[in-house]
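Peer 1: Please find coords_9.cif (mmCIF, C-alpha atoms) on the next line:
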data_upload
#
loop_
_atom_site.label_atom_id
_atom_site.label_comp_id
_atom_site.auth_asym_id
_atom_site.auth_seq_id
_atom_site.Cartn_x
_atom_site.Cartn_y
_atom_site.Cartn_z
CA MET A 1 -99.89 -80.59 125.01
CA THR A 2 -97.17 -78.12 124.03
CA PRO A 3 -94.22 -78.08 126.51
CA THR A 4 -93.51 -74.74 128.11
CA ARG A 5 -90.08 -73.12 127.71
CA PRO A 6 -88.09 -72.44 130.91
CA SER A 7 -88.48 -68.94 132.12
CA ARG A 8 -85.62 -66.50 131.65
CA ARG A 9 -85.20 -66.27 135.42
CA TYR A 10 -84.79 -70.06 135.69
CA ARG A 11 -82.13 -70.11 132.95
CA LEU A 12 -80.10 -67.38 134.69
CA LEU A 13 -80.23 -69.30 137.98
CA ALA A 14 -78.99 -72.49 136.34
CA THR A 15 -76.09 -70.64 134.68
CA ALA A 16 -75.06 -69.09 138.00
CA CYS A 17 -75.02 -72.50 139.71
CA ALA A 18 -72.87 -73.96 136.94
CA LEU A 19 -70.35 -71.12 137.29
CA CYS A 20 -70.17 -71.71 141.06
CA VAL A 21 -69.32 -75.36 140.47
CA ILE A 22 -66.55 -74.40 138.04
CA LEU A 23 -65.03 -71.51 140.01
CA THR A 24 -65.17 -72.94 143.56
CA PRO A 25 -62.16 -75.30 143.17
CA GLN A 26 -60.16 -72.47 141.57
CA ALA A 27 -60.98 -70.17 144.47
CA HIS A 28 -59.83 -72.79 146.97
CA ALA A 29 -56.64 -73.33 144.96
CA ALA A 30 -55.93 -69.59 144.94
CA LYS A 31 -56.23 -69.45 148.73
CA ARG A 32 -54.01 -72.51 149.27
CA LYS A 33 -50.56 -71.41 150.50
CA PRO A 34 -47.38 -73.22 149.44
CA ALA A 35 -46.20 -75.77 151.96
CA ALA A 36 -43.49 -74.54 154.31
CA PRO A 37 -40.08 -76.19 153.83
CA LYS A 38 -39.72 -79.24 156.04
CA THR A 39 -37.34 -78.72 158.95
CA PRO A 40 -34.46 -81.22 158.73
CA ALA A 41 -33.84 -83.46 161.72
CA ILE A 42 -30.58 -81.72 162.66
CA ALA A 43 -32.41 -78.36 162.89
CA ASP A 44 -35.44 -79.57 164.89
CA PHE A 45 -34.55 -77.73 168.09
CA ARG A 46 -37.66 -78.71 170.04
CA GLU A 47 -37.22 -82.41 169.30
CA LEU A 48 -33.46 -82.61 169.92
CA SER A 49 -33.20 -80.34 172.95
CA GLY A 50 -36.37 -81.57 174.61
CA SER A 51 -37.20 -77.95 175.49
CA TYR A 52 -39.24 -75.12 174.11
CA PRO A 53 -36.98 -72.69 172.21
CA GLY A 54 -36.23 -69.30 173.69
CA THR A 55 -34.44 -66.14 172.62
CA CYS A 56 -30.63 -66.20 172.66
CA GLU A 57 -29.20 -63.46 174.86
CA GLN A 58 -25.71 -63.31 173.35
CA PRO A 59 -25.13 -61.93 169.82
CA VAL A 60 -24.18 -64.23 166.96
CA ALA A 61 -20.46 -64.99 166.87
CA PRO A 62 -18.68 -62.57 164.46
CA ALA A 63 -17.00 -65.52 162.71
CA LEU A 64 -20.42 -66.58 161.40
CA SER A 65 -21.25 -63.27 159.73
CA GLY A 66 -20.05 -64.52 156.34
CA LEU A 67 -22.86 -67.09 156.31
CA GLY A 68 -25.54 -64.41 156.20
CA GLU A 69 -28.57 -63.97 158.43
CA PRO A 70 -29.58 -67.28 160.09
CA THR A 71 -32.98 -68.72 159.25
CA THR A 72 -33.39 -69.75 162.89
CA ARG A 73 -31.45 -69.16 166.09
CA GLN A 74 -32.74 -70.70 169.30
CA CYS A 75 -31.52 -71.24 172.86
CA ALA A 76 -32.65 -73.15 175.95
CA TRP A 77 -31.31 -74.78 179.12
CA SER A 78 -30.68 -71.34 180.69
CA GLN A 79 -28.68 -70.32 177.58
CA ARG A 80 -26.51 -73.45 177.82
CA VAL A 81 -27.62 -74.88 174.48
CA GLU A 82 -27.81 -72.94 171.21
CA MET A 83 -28.69 -73.86 167.63
CA VAL A 84 -28.08 -71.68 164.58
CA TYR A 85 -29.63 -72.87 161.29
CA TRP A 86 -29.20 -71.55 157.75
CA ARG A 87 -31.70 -73.05 155.32
CA SER A 88 -29.83 -71.62 152.34
CA ILE A 89 -26.08 -70.95 152.26
CA PRO A 90 -25.34 -67.77 150.28
CA THR A 91 -23.06 -67.97 147.26
CA PRO A 92 -19.92 -65.94 148.03
CA THR A 93 -18.63 -63.43 145.53
CA ALA A 94 -15.16 -63.32 144.00
CA THR A 95 -14.12 -66.84 144.98
CA CYS A 96 -13.07 -69.91 143.03
CA LEU A 97 -14.44 -72.36 145.60
CA PRO A 98 -18.02 -73.69 145.82
CA PRO A 99 -20.38 -72.29 148.50
CA ALA A 100 -20.27 -75.49 150.57
CA ALA A 101 -16.46 -75.33 150.81
CA ILE A 102 -16.52 -71.69 151.94
CA ALA A 103 -19.27 -72.37 154.50
CA TRP A 104 -17.39 -75.44 155.75
CA HIS A 105 -14.28 -73.31 156.27
CA ARG A 106 -16.17 -70.59 158.15
CA LEU A 107 -18.05 -73.01 160.38
CA THR A 108 -15.00 -75.07 161.30
CA GLN A 109 -13.01 -71.91 161.99
CA ALA A 110 -15.83 -70.65 164.23
CA ILE A 111 -15.66 -73.76 166.43
CA HIS A 112 -11.84 -74.12 166.14
CA ALA A 113 -12.10 -77.58 164.58
CA ASP A 114 -9.24 -79.40 162.88
CA ALA A 115 -11.44 -80.39 159.95
CA PRO A 116 -10.52 -82.11 156.69
CA PRO A 117 -10.79 -80.17 153.40
CA TRP A 118 -14.26 -80.07 151.88
CA ASN A 119 -14.80 -82.76 149.25
CA ASN A 120 -17.00 -82.03 146.22
CA ALA A 121 -18.12 -85.66 146.28
CA TRP A 122 -19.79 -85.19 149.67
CA SER A 123 -23.52 -84.69 150.07
CA GLY A 124 -22.97 -83.58 153.66
CA ARG A 125 -20.45 -83.53 156.48
CA THR A 126 -20.27 -82.80 160.21
CA VAL A 127 -17.48 -82.05 162.67
CA THR A 128 -17.39 -81.77 166.45
CA THR A 129 -15.12 -80.20 169.04
CA ASN A 130 -15.02 -81.08 172.73
CA THR A 131 -13.49 -79.16 175.62
CA PRO A 132 -14.18 -79.37 179.36
CA GLU A 133 -16.22 -76.16 179.06
CA SER A 134 -18.25 -76.81 175.90
CA ARG A 135 -19.27 -79.14 173.07
CA GLN A 136 -19.79 -77.86 169.53
CA LEU A 137 -21.07 -79.48 166.35
CA ALA A 138 -21.20 -78.03 162.82
CA ALA A 139 -23.02 -79.61 159.88
CA ILE A 140 -23.43 -78.86 156.17
CA TRP A 141 -25.68 -80.86 153.86
CA ARG A 142 -27.43 -80.73 150.49
CA GLY A 143 -31.22 -81.04 150.60
CA ASP A 144 -33.51 -82.82 148.17
CA ASP A 145 -33.92 -79.55 146.26
CA GLY A 146 -30.15 -79.29 145.71
CA GLN A 147 -29.82 -76.37 148.13
CA TRP A 148 -26.96 -76.39 150.67
CA SER A 149 -27.90 -75.82 154.31
CA ALA A 150 -25.92 -75.55 157.54
CA ALA A 151 -26.42 -75.82 161.29
CA LEU A 152 -24.28 -75.12 164.34
CA TRP A 153 -24.95 -76.48 167.84
CA ARG A 154 -23.24 -75.40 171.07
CA TRP A 155 -23.63 -76.91 174.53
CA GLN A 156 -22.16 -75.79 177.85
CA PRO A 157 -22.71 -78.68 180.31
CA SER A 158 -24.32 -77.81 183.63
CA GLU A 159 -22.29 -78.02 186.82
CA LYS A 160 -25.09 -80.10 188.43
CA PRO A 161 -24.47 -83.82 187.80
CA ASP A 162 -28.13 -84.81 187.34
CA THR A 163 -28.85 -81.90 185.00
CA ARG A 164 -25.65 -82.57 183.04
CA THR A 165 -26.65 -86.21 182.60
CA TRP A 166 -30.08 -85.16 181.28
CA GLN A 167 -28.46 -82.66 178.91
CA ALA A 168 -25.96 -85.26 177.69
CA GLY A 169 -28.80 -87.54 176.65
CA HIS A 170 -30.22 -84.83 174.40
CA TRP A 171 -26.75 -83.98 173.08
CA ASP A 172 -26.48 -87.62 172.03
CA ASP A 173 -29.67 -87.06 170.01
CA VAL A 174 -27.97 -84.12 168.27
CA LYS A 175 -24.96 -86.29 167.42
CA GLN A 176 -27.22 -89.06 166.15
CA ALA A 177 -28.97 -86.64 163.80
CA ALA A 178 -25.56 -85.46 162.59
CA HIS A 179 -24.41 -89.04 162.01
CA ALA A 180 -27.12 -89.45 159.37
CA ILE A 181 -25.61 -86.50 157.45
CA ASP A 182 -22.15 -88.11 157.40
CA ALA A 183 -23.48 -91.37 155.96
CA GLY A 184 -22.08 -91.94 152.48
CA SER A 185 -19.39 -89.26 152.80
CA PRO A 186 -16.16 -91.11 153.61
CA LEU A 187 -12.80 -89.42 154.03
CA PRO A 188 -10.33 -89.85 151.13
CA ALA A 189 -7.37 -92.16 151.42
CA ALA A 190 -4.59 -90.42 153.35
CA ALA A 191 -1.77 -90.61 150.77
CA PRO A 192 1.55 -89.16 152.02
CA LEU A 193 1.46 -86.09 149.76
CA PHE A 194 -2.18 -85.41 150.66
CA VAL A 195 -1.35 -85.48 154.37
CA ALA A 196 1.49 -83.00 153.82
CA TRP A 197 -0.76 -80.69 151.77
CA ARG A 198 -3.52 -80.93 154.39
CA ASP A 199 -1.02 -79.81 157.04
CA ALA A 200 0.46 -77.04 154.90
CA SER A 201 -2.93 -75.59 153.89
CA ALA A 202 -4.53 -75.81 157.35
CA GLY A 203 -6.68 -72.79 158.21
CA LYS A 204 -7.36 -71.86 154.57
CA PRO A 205 -10.50 -72.40 152.46
CA ARG A 206 -9.92 -75.56 150.42
CA VAL A 207 -11.70 -78.30 148.50
CA LEU A 208 -10.95 -81.67 146.96
CA ASP A 209 -12.24 -81.87 143.40
CA GLY A 210 -11.43 -85.34 142.11
CA ASP A 211 -7.66 -85.58 141.65
CA THR A 212 -7.28 -81.80 141.94
CA TRP A 213 -6.91 -80.01 145.27
CA ARG A 214 -7.92 -76.34 145.31
CA TRP A 215 -7.51 -73.68 147.97
CA VAL A 216 -7.17 -69.93 148.54
CA SER A 217 -4.01 -68.36 149.95
CA ASP A 218 -3.39 -64.62 150.21
CA LYS A 219 -6.57 -64.01 148.15
CA THR A 220 -5.11 -66.16 145.38
CA CYS A 221 -6.89 -69.18 143.88
CA LEU A 222 -4.57 -72.17 143.63
CA ARG A 223 -4.91 -75.76 142.51
CA LEU A 224 -2.51 -78.62 143.14
CA GLU A 225 -2.21 -81.16 140.36
CA THR A 226 -0.32 -84.19 141.65
CA SER A 227 1.87 -86.23 139.34
CA GLY A 228 2.67 -89.07 141.73
CA ILE A 229 6.05 -90.76 141.89
CA SER A 230 8.31 -90.76 138.83
CA GLN A 231 11.90 -90.43 137.68
CA THR A 232 13.82 -87.66 135.88
CA ARG A 233 16.44 -87.81 133.15
CA ILE A 234 18.93 -86.27 135.58
CA HIS A 235 19.58 -87.95 138.92
CA LEU A 236 18.33 -85.88 141.85
CA PRO A 237 19.87 -87.01 145.14
CA TYR A 238 17.96 -87.68 148.34
CA SER A 239 20.70 -86.21 150.54
CA ARG A 240 21.25 -82.45 150.53
CA ASP A 241 24.98 -83.13 150.88
CA ASP A 242 24.97 -84.81 147.46
CA ALA A 243 23.14 -81.97 145.68
CA ARG A 244 25.37 -80.29 143.08
CA LEU A 245 25.01 -77.01 141.23
CA GLU A 246 25.63 -78.72 137.89
CA GLN A 247 22.66 -81.02 138.57
CA ARG A 248 20.41 -78.03 139.11
CA SER A 249 21.75 -76.33 135.99
CA GLY A 250 21.17 -79.47 133.93
CA MET A 251 17.65 -79.80 135.28
CA GLN A 252 16.90 -76.18 134.38
CA VAL A 253 18.05 -76.85 130.81
CA LEU A 254 15.72 -79.85 130.58
CA LEU A 255 12.80 -77.79 131.90
CA ALA A 256 13.50 -74.99 129.43
CA ARG A 257 13.39 -77.51 126.57
CA ARG A 258 10.17 -79.05 127.86
CA PHE A 259 8.47 -75.66 128.27
CA PRO A 260 9.96 -73.51 125.47
CA ASN A 261 7.38 -70.72 125.92
CA ALA A 262 7.88 -70.43 129.68
CA GLU A 263 9.03 -67.28 131.46
CA TRP A 264 11.07 -68.53 134.44
CA LEU A 265 10.15 -66.58 137.56
CA GLN A 266 12.20 -68.85 139.84
CA PRO A 267 14.71 -71.28 138.34
CA PHE A 268 15.21 -74.82 139.56
CA THR A 269 16.28 -74.25 143.18
CA LEU A 270 17.35 -76.33 146.19
CA LEU A 271 15.18 -75.47 149.19
CA GLU A 272 16.47 -74.85 152.68
CA PRO A 273 15.08 -77.12 155.44
CA GLY A 274 12.17 -75.94 157.55
CA ARG A 275 14.44 -75.60 160.58
CA PRO A 276 17.94 -74.32 159.77
CA GLY A 277 20.58 -76.96 160.30
CA ASP A 278 18.21 -79.97 160.17
CA ARG A 279 19.54 -83.00 158.30
CA THR A 280 16.59 -83.31 155.91
CA GLY A 281 16.34 -84.71 152.42
CA ALA A 282 16.87 -82.51 149.36
CA LYS A 283 13.84 -80.79 147.83
CA PHE A 284 13.67 -78.63 144.73
CA ILE A 285 11.21 -76.11 143.30
CA ALA A 286 10.81 -74.06 140.12
CA VAL A 287 8.18 -71.44 139.20
CA TRP A 288 7.33 -70.18 135.72
CA ARG A 289 4.68 -68.36 133.71
CA GLU A 290 3.22 -70.06 130.68
CA GLY A 291 0.49 -68.23 128.78
CA ALA A 292 -2.23 -67.07 131.18
CA SER A 293 -1.10 -69.32 134.07
CA VAL A 294 1.64 -69.28 136.66
CA LYS A 295 2.92 -72.73 137.59
CA GLY A 296 5.24 -74.07 140.24
CA GLN A 297 6.54 -77.55 140.87
CA LEU A 298 8.06 -79.35 143.82
CA TRP A 299 10.40 -82.33 143.47
CA ILE A 300 10.99 -84.57 146.54
CA PRO A 301 13.56 -87.35 145.90
CA LEU A 302 12.86 -90.45 147.98
CA ARG A 303 15.43 -92.47 149.87
CA ASP A 304 17.20 -95.42 148.19
CA ASP A 305 16.35 -94.25 144.65
CA ALA A 306 12.66 -95.05 145.21
CA GLY A 307 11.62 -92.30 142.81
CA ILE A 308 10.64 -88.64 143.06
CA VAL A 309 7.40 -87.24 144.43
CA ARG A 310 6.18 -84.35 142.27
CA ALA A 311 3.50 -81.79 143.02
CA ARG A 312 2.51 -78.91 140.75
CA ILE A 313 0.60 -75.79 141.83
CA VAL A 314 -1.18 -73.69 139.17
CA SER A 315 -2.87 -70.29 139.34
CA ASP A 316 -4.69 -68.75 136.37
CA LEU A 317 -4.30 -65.04 135.58
CA ALA A 318 -7.32 -62.85 134.89
CA PRO A 319 -7.36 -60.89 131.60
CA ALA A 320 -5.48 -57.60 131.97
CA SER A 321 -3.00 -55.32 130.25
CA ALA A 322 0.50 -56.62 129.59
CA GLU A 323 1.94 -54.53 132.42
CA ARG A 324 -0.75 -55.64 134.85
CA GLN A 325 -0.28 -59.28 133.81
CA LYS A 326 3.40 -58.96 134.62
CA GLU A 327 2.62 -57.61 138.10
CA LEU A 328 0.06 -60.35 138.72
CA ALA A 329 2.48 -63.04 137.55
CA LYS A 330 5.12 -61.86 140.02
CA GLN A 331 2.60 -61.80 142.86
CA ARG A 332 1.36 -65.30 141.98
CA ALA A 333 4.95 -66.56 141.75
CA ASP A 334 5.63 -65.35 145.29
CA VAL A 335 2.47 -67.04 146.61
CA ILE A 336 3.17 -70.30 144.76
CA GLY A 337 6.79 -70.33 145.92
CA HIS A 338 5.62 -69.87 149.51
CA GLU A 339 3.03 -72.65 149.21
CA LEU A 340 5.50 -75.07 147.62
CA THR A 341 7.99 -74.37 150.41
CA ALA A 342 5.30 -74.91 153.06
CA LEU A 343 4.37 -78.22 151.40
CA ALA A 344 8.02 -79.32 151.38
CA HIS A 345 8.45 -78.46 155.06
CA ALA A 346 5.21 -80.27 155.96
CA TRP A 347 6.59 -83.33 154.15
CA GLU A 348 9.74 -83.13 156.29
CA VAL A 349 7.72 -83.14 159.51
CA ARG A 350 5.63 -86.13 158.45
CA HIS A 351 8.10 -88.28 156.55
CA GLU A 352 11.67 -87.43 157.54
#
As structure tokens, what does this structure read like?
Peer 2:
Amino acid sequence: MTPTRPSRRYRLLATACALCVILTPQAHAAKRKPAAPKTPAIADFRELSGSYPGTCEQPVAPALSGLGEPTTRQCAWSQRVEMVYWRSIPTPTATCLPPAAIAWHRLTQAIHADAPPWNNAWSGRTVTTNTPESRQLAAIWRGDDGQWSAALWRWQPSEKPDTRTWQAGHWDDVKQAAHAIDAGSPLPAAAPLFVAWRDASAGKPRVLDGDTWRWVSDKTCLRLETSGISQTRIHLPYSRDDARLEQRSGMQVLLARRFPNAEWLQPFTLLEPGRPGDRTGAKFIAVWREGASVKGQLWIPLRDDAGIVRARIVSDLAPASAERQKELAKQRADVIGHELTALAHAWEVRHE
């Protein structure tokens, strides 16, 4: 018996079924939406506050405007607790510091925190401030995708003891979530010169980048390159009473030989003490331009001939005409001279 061939209608039906099998998974894939970013523990308002989030009645603090529009801002407890969360910190323009350092500066300024300089080795950091009227906590961290995020919490404790105790328990949860961000981000060793620089640069955007400390002063990018403790070929006295003009002249000659291409914008100079009339140790500075950089150095002789602490500040000049470069160099020299003087006076407060 001769087999019959499938009808044309049957073949078309089989082809259609096969296409459905092939295209159905693709259709489901096309409809599948990308997963929403996971909310980090420090930004889980519902979990940490124990309350459903509500709208915040007060506007965002003006000091936070530089961080851009928040991803989330939520309030509860009759407006006594607030959380502001930025999933992605914007990259600032015209700055020599990384986004995390700028955001750290803005957040800590917003809550009036005496915070350490940002450290490029950190993966995250938090800081808190406590007053009788309020508690505040700021956090910055780098997510698994490499993106920097930030959060700010504020709490105004209730006047009612039982309510305040309940609120304090949830605030402890906020601090516990912040503690996980600080893990693995220790503070650097507090060397004497670092402590003086930290005091002198307080209130300015700054960052630790290995052995180099960078900050912004008067819209000028600066970096401090420490040289540690050493000696010089000419004796520099610890006492201001023993400082002689011929010593300073001899030191200037040595510097000119060491940097033959330098343009000296401030020669080797004995600084005045921070408070006129104070019996402080002698300190010296010099500022010069060399190529496309302006450099300044501070010399701090130690007592009993224990050596000399040196600190050098450098600022690079942007390409410009010769006349404009000259103007920029003078402006940078003034800023560097001011910063070196502030560093010297901070040293006096801490170590003399």
Peer 1: Which residues are near His351 (chain A)? Cut-off 9 Å, only C-alpha atoms, ignore same chain within fewer than 3 positions. Put them as a PyMOL selection string.
Peer 2: chain A and resi 192+196+346-348
Peer 1: A:Arg46, A:Arg258, A:His112, A:Arg350: which is nearest Arg198 (chain A), counting all atoms listed in the file?
Peer 2: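 Closest to Arg198 (chain A) of all the choices is A:Arg350.
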Peer 1: Can you turn the PyMOL selection byres ((chain A and resi 120) around 7) into a concrete residue list for this file, as a PDB file with C-alpha atoms, in the frame of the given file?
Peer 2:
ATOM      1  CA  TRP A 118     -14.260 -80.070 151.880  1.00  0.00           C
ATOM      2  CA  ASN A 119     -14.800 -82.760 149.250  1.00  0.00           C
ATOM      3  CA  ALA A 121     -18.120 -85.660 146.280  1.00  0.00           C
ATOM      4  CA  TRP A 122     -19.790 -85.190 149.670  1.00  0.00           C
ATOM      5  CA  VAL A 207     -11.700 -78.300 148.500  1.00  0.00           C
ATOM      6  CA  LEU A 208     -10.950 -81.670 146.960  1.00  0.00           C
ATOM      7  CA  ASP A 209     -12.240 -81.870 143.400  1.00  0.00           C
TER       8      ASP A 209
END
Peer 1: If we count all atoms listed in the file and set the cut-off at 9 Å, which residues sit around region 53-56 of chain A, ignoring sequence neighbours fewer than 6 positions away in its own chain? Please answer as a JSON list (two decimals) with C-alpha atoms, keeping the file's coordinate frame.
Peer 2:
[["chain", "number", "residue", "atom", "x", "y", "z"],
["A", 45, "PHE", "CA", -34.55, -77.73, 168.09],
["A", 46, "ARG", "CA", -37.66, -78.71, 170.04],
["A", 73, "ARG", "CA", -31.45, -69.16, 166.09],
["A", 74, "GLN", "CA", -32.74, -70.70, 169.30],
["A", 75, "CYS", "CA", -31.52, -71.24, 172.86],
["A", 76, "ALA", "CA", -32.65, -73.15, 175.95],
["A", 79, "GLN", "CA", -28.68, -70.32, 177.58],
["A", 82, "GLU", "CA", -27.81, -72.94, 171.21]]
Peer 1: State, in Å with one decimal place, the distance from CA of Gly337 (chain A) to CA of Glu225 (chain A).
Peer 2: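 Interatomic distance here is 15.1 Å.
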Peer 1: Return the single residue from A:Ala262, A:Leu222, A:Leu328, A:Leu107 that is closest to Leu67 (chain A), with distances computed using all atoms listed in the file.
Peer 2: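 Among A:Ala262, A:Leu222, A:Leu328, A:Leu107, it is A:Leu107 that comes nearest to Leu67 (chain A).
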Peer 1: Name the residues that the PyMOL selection byres ((chain A and resi 149) around 9) picks from the file above, as a list in words, using the file's chain letters and numbers.
Peer 2: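 Expected selection for the PyMOL selection byres ((chain A and resi 149) around 9) here is Tyr85, Trp86, Arg87, Ser88, Ile89, Ala100, Ala139, Ile140, Trp141, Arg142, Gly143, Gln147, Trp148, Ala150 and Ala151 of chain A.
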Peer 1: Determine the nearest neighbour of Gly307 (chain A) from the options A:Ser321, A:Ser134, A:Gln176, A:Thr232, counting only C-alpha atoms.
Peer 2: A:Thr232
Peer 1: Using the chain letters and numbers from this file, what does the PyMOL selection byres ((chain A and resi 117) around 12) select? Give the answer as a PDB file with C-alpha atoms, in the frame of the given file.
Peer 2:
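Contents of result_22.pdb, as written:
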ATOM      1  CA  LEU A  97     -14.440 -72.360 145.600  1.00  0.00           C
ATOM      2  CA  ALA A 100     -20.270 -75.490 150.570  1.00  0.00           C
ATOM      3  CA  ALA A 101     -16.460 -75.330 150.810  1.00  0.00           C
ATOM      4  CA  ILE A 102     -16.520 -71.690 151.940  1.00  0.00           C
ATOM      5  CA  ALA A 103     -19.270 -72.370 154.500  1.00  0.00           C
ATOM      6  CA  TRP A 104     -17.390 -75.440 155.750  1.00  0.00           C
ATOM      7  CA  HIS A 105     -14.280 -73.310 156.270  1.00  0.00           C
ATOM      8  CA  ARG A 106     -16.170 -70.590 158.150  1.00  0.00           C
ATOM      9  CA  THR A 108     -15.000 -75.070 161.300  1.00  0.00           C
ATOM     10  CA  ALA A 113     -12.100 -77.580 164.580  1.00  0.00           C
ATOM     11  CA  ASP A 114      -9.240 -79.400 162.880  1.00  0.00           C
ATOM     12  CA  ALA A 115     -11.440 -80.390 159.950  1.00  0.00           C
ATOM     13  CA  PRO A 116     -10.520 -82.110 156.690  1.00  0.00           C
ATOM     14  CA  TRP A 118     -14.260 -80.070 151.880  1.00  0.00           C
ATOM     15  CA  ASN A 119     -14.800 -82.760 149.250  1.00  0.00           C
ATOM     16  CA  ASN A 120     -17.000 -82.030 146.220  1.00  0.00           C
ATOM     17  CA  ALA A 121     -18.120 -85.660 146.280  1.00  0.00           C
ATOM     18  CA  TRP A 122     -19.790 -85.190 149.670  1.00  0.00           C
ATOM     19  CA  ARG A 125     -20.450 -83.530 156.480  1.00  0.00           C
ATOM     20  CA  THR A 126     -20.270 -82.800 160.210  1.00  0.00           C
ATOM     21  CA  VAL A 127     -17.480 -82.050 162.670  1.00  0.00           C
ATOM     22  CA  LEU A 187     -12.800 -89.420 154.030  1.00  0.00           C
ATOM     23  CA  PRO A 188     -10.330 -89.850 151.130  1.00  0.00           C
ATOM     24  CA  ALA A 190      -4.590 -90.420 153.350  1.00  0.00           C
ATOM     25  CA  PHE A 194      -2.180 -85.410 150.660  1.00  0.00           C
ATOM     26  CA  VAL A 195      -1.350 -85.480 154.370  1.00  0.00           C
ATOM     27  CA  TRP A 197      -0.760 -80.690 151.770  1.00  0.00           C
ATOM     28  CA  ARG A 198      -3.520 -80.930 154.390  1.00  0.00           C
ATOM     29  CA  ASP A 199      -1.020 -79.810 157.040  1.00  0.00           C
ATOM     30  CA  ALA A 200       0.460 -77.040 154.900  1.00  0.00           C
ATOM     31  CA  SER A 201      -2.930 -75.590 153.890  1.00  0.00           C
ATOM     32  CA  ALA A 202      -4.530 -75.810 157.350  1.00  0.00           C
ATOM     33  CA  GLY A 203      -6.680 -72.790 158.210  1.00  0.00           C
ATOM     34  CA  LYS A 204      -7.360 -71.860 154.570  1.00  0.00           C
ATOM     35  CA  PRO A 205     -10.500 -72.400 152.460  1.00  0.00           C
ATOM     36  CA  ARG A 206      -9.920 -75.560 150.420  1.00  0.00           C
ATOM     37  CA  VAL A 207     -11.700 -78.300 148.500  1.00  0.00           C
ATOM     38  CA  LEU A 208     -10.950 -81.670 146.960  1.00  0.00           C
ATOM     39  CA  ASP A 209     -12.240 -81.870 143.400  1.00  0.00           C
ATOM     40  CA  TRP A 213      -6.910 -80.010 145.270  1.00  0.00           C
ATOM     41  CA  ARG A 214      -7.920 -76.340 145.310  1.00  0.00           C
ATOM     42  CA  TRP A 215      -7.510 -73.680 147.970  1.00  0.00           C
ATOM     43  CA  VAL A 216      -7.170 -69.930 148.540  1.00  0.00           C
TER      44      VAL A 216
END
Peer 1: Would you compute the distance between CA of Asn130 (chain A) and CA of Pro98 (chain A)? Give it in Å to one decimal.
Peer 2: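 Distance reported for this atom pair: 28.1 Å.
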Peer 1: Expressed in Å to a single decimal, how great is the separation between CA of Asp172 (chain A) and CA of Gly184 (chain A)?
Peer 2: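 Computed distance, CA of Asp172 (chain A) to CA of Gly184 (chain A), equals 20.5 Å.
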Peer 1: Contacts of Gly250 (chain A) at 10 Å or less, counting only C-alpha atoms, minus same-chain residues fewer than 3 places along, as a list in words?
Peer 2: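 Here the qualifying residues turn out to be Arg233, Ile234, His235, Leu245, Glu246, Gln247, Val253, Leu254, Leu255, Ala256 and Phe268 of chain A.
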Peer 1: Show me, as a PyMOL selection string, the residues that have an atom within 12 Å of Ala320 (chain A) when counting all atoms listed in the file, minus same-chain residues fewer than 6 positions from it.
Peer 2: chain A and resi 292+326-329
Peer 1: Using all atoms listed in the file, determine which residues lie at most 10 Å from Val60 (chain A), disregarding the query and same-chain residues fewer than 4 positions distant; provide the list as a PyMOL selection string.
Peer 2: chain A and resi 56+64-65+69-70+73+84
Peer 1: Which residue gives the smallest distance to Trp288 (chain A) among A:Pro276, A:Pro267, A:Gly146, A:Pro260, with only C-alpha atoms counted?
Peer 2: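 Of A:Pro276, A:Pro267, A:Gly146, A:Pro260, the one nearest Trp288 (chain A), counting only C-alpha atoms, is A:Pro267.
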Peer 1: Between A:Pro237, A:Gly66, A:Pro319, A:Gly50, which has the minimum distance to Gly281 (chain A) (counting only C-alpha atoms)?
Peer 2: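 Using only C-alpha atoms, the shortest distance to Gly281 (chain A) belongs to A:Pro237.
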Peer 1: A:Leu270, A:Ala43, A:Leu48, A:Ile336: which is nearest Pro301 (chain A), counting all atoms listed in the file?
Peer 2: A:Leu270
Peer 1: Residues around (8.2, -78.4, 150.9), cut-off 10 Å, counting all atoms listed in the file - what are they as a PyMOL selection string?
Peer 2: chain A and resi 196-197+200+271-274+282-285+298-300+311+337-349
